[in-house]
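*Asks:* What follows is a structure written as structure tokens; I'll ask about it next.
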Amino acid sequence: MMFGNQPGRVRFESHLEGLKEPARTIMVDLRNFVKSLGNNVIEEVRPHRVVYAKTMNFRTFLDVEPAGDSLVLSIRCDRAAPPVTTTVRTAEDAENVKKQIAKAYQKIQ
């Protein structure tokens with residue numbers, strides 16, 4: 001189930017409209033990567049960001065905020081710990097952060 005596709009909700013594509021390349025392509029690539037992590041990944045598209053969580057208990061592990069020519073990612077491995085925030089501007093940045101995202105997905109309870 002993906003909350004972002006319900007009627008009346010913000011569409012994922014609306015976030016792409018305000019992004020410049022390569023941030024637009026990176027956001028789509030990261031989305032595909034995150035959704036490939038498991039069948040229990042939930043995507044919620046919000047007005048100013050996209051949040052990814054694990055299971056219906058909504059254990060958030062990734063928050064993606066489009067920022068024009070970049071993406072601001074907040075990665076959370078533990079609900080009690082503060083998120084790690086990083087800015088992604090290039091495809092190389094995105095590749096480097098994927099391991100952190102996968103680790104957060106695996107560890108979040």
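Ligands are numbered from 1 in the order shown, residues from 1 within each chain, and chains are lettered A, B, ... in the order they appear in the structure tokens.
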Tell me, which residues of chain A carry DSSP helix (DSSP H, G or I), written as an MDAnalysis selection string?
*Replies:* chainID A and resid 3:5 12:17 23:35 91:107
*Asks:* For Leu73 in chain A, work out the shell of residues within 10 Å, counting only C-alpha atoms and skipping chain neighbours fewer than 4 positions away, then give it as a list of chain:residue names.
*Replies:*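 Listed by chain and then number, they are A:Arg49, A:Val50, A:Val51, A:Leu62, A:Asp63, A:Val64, A:Glu65, A:Pro66, A:Pro83, A:Val84, A:Thr85, A:Thr86, A:Thr87, A:Val88, A:Ala94, A:Val97, A:Ile101.
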*Asks:* Excluding Gly18 in chain A and any residue of its chain fewer than 3 positions from it, enumerate the residues within 9 Å of it, using only C-alpha atoms, and give them as a PyMOL selection string.
*Replies:* chain A and resi 14-15+24+66-69
*Asks:* With C-alpha atoms kept, could you save the residues just selected as a short mmCIF file (atom, residue, chain, number, x, y, z; two decimals), in the first residue's frame?
*Replies:*
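Once everything was written out, this is result12.cif:
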```
data_model
loop_
_atom_site.label_atom_id
_atom_site.label_comp_id
_atom_site.auth_asym_id
_atom_site.auth_seq_id
_atom_site.Cartn_x
_atom_site.Cartn_y
_atom_site.Cartn_z
CA SER A 14 4.67 17.05 -7.83
CA HIS A 15 8.03 17.02 -6.01
CA ARG A 24 15.19 15.03 -10.28
CA PRO A 66 13.48 18.26 -2.36
CA ALA A 67 15.56 21.45 -2.33
CA GLY A 68 15.79 22.76 -5.90
CA ASP A 69 19.18 21.46 -7.03
#
```
*Asks:* Give the strand (DSSP E) residues of chain A, as DSSP finds them on the backbone, and put them as number ranges by chain.
*Replies:* A: 41-45, 50-54, 59-66, 71-75, 84-88
*Asks:* How about saving the chosen residues, C-alpha atoms kept, as a PDB file, in the first residue's frame?
*Replies:*
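As written to disk, again_3.pdb reads:
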```pdb
ATOM      1  CA  VAL A  41       8.241  -0.252   2.678  1.00  0.00           C
ATOM      2  CA  ILE A  42       5.560   2.411   2.880  1.00  0.00           C
ATOM      3  CA  GLU A  43       5.870   5.682   0.981  1.00  0.00           C
ATOM      4  CA  GLU A  44       3.957   8.706   2.206  1.00  0.00           C
ATOM      5  CA  VAL A  45       4.122  11.749  -0.020  1.00  0.00           C
ATOM      6  CA  VAL A  50       8.515  12.180   0.975  1.00  0.00           C
ATOM      7  CA  VAL A  51       8.728   9.876   3.982  1.00  0.00           C
ATOM      8  CA  TYR A  52       9.592   6.173   3.862  1.00  0.00           C
ATOM      9  CA  ALA A  53       8.672   3.848   6.680  1.00  0.00           C
ATOM     10  CA  LYS A  54       8.661   0.180   7.513  1.00  0.00           C
ATOM     11  CA  ARG A  59       8.637   3.168  11.617  1.00  0.00           C
ATOM     12  CA  THR A  60      10.165   6.037   9.638  1.00  0.00           C
ATOM     13  CA  PHE A  61      13.691   5.415   8.382  1.00  0.00           C
ATOM     14  CA  LEU A  62      14.064   7.989   5.594  1.00  0.00           C
ATOM     15  CA  ASP A  63      12.789  11.490   4.951  1.00  0.00           C
ATOM     16  CA  VAL A  64      13.546  13.096   1.572  1.00  0.00           C
ATOM     17  CA  GLU A  65      13.072  16.833   1.146  1.00  0.00           C
ATOM     18  CA  PRO A  66      13.484  18.257  -2.365  1.00  0.00           C
ATOM     19  CA  LEU A  71      17.838  16.572  -1.835  1.00  0.00           C
ATOM     20  CA  VAL A  72      18.048  16.798   1.944  1.00  0.00           C
ATOM     21  CA  LEU A  73      17.890  13.310   3.447  1.00  0.00           C
ATOM     22  CA  SER A  74      17.224  12.499   7.087  1.00  0.00           C
ATOM     23  CA  ILE A  75      18.113   8.882   7.840  1.00  0.00           C
ATOM     24  CA  VAL A  84      21.489  11.784  10.422  1.00  0.00           C
ATOM     25  CA  THR A  85      20.957  14.535   7.860  1.00  0.00           C
ATOM     26  CA  THR A  86      22.863  14.692   4.590  1.00  0.00           C
ATOM     27  CA  THR A  87      22.555  16.663   1.367  1.00  0.00           C
ATOM     28  CA  VAL A  88      22.642  14.813  -1.956  1.00  0.00           C
TER      29      VAL A  88
END
```
*Asks:* Compile the contact shell of Asp78 in chain A as a PyMOL selection string: residues with an atom at most 9 Å away, counting only C-alpha atoms, same-chain residues fewer than 6 positions apart removed.
*Replies:* chain A and resi 61+104+107-109
*Asks:* Give the answer as one residue: which of A:His48, A:Ile26, A:Phe33, A:Glu17 has the shortest atom-to-atom distance to Lys98 in chain A, using only C-alpha atoms?
*Replies:* A:Phe33
*Asks:* Would you mind reading off the distance between CA of Tyr105 in chain A and CA of Val34 in chain A, one decimal, in Å?
*Replies:* 8.6 Å
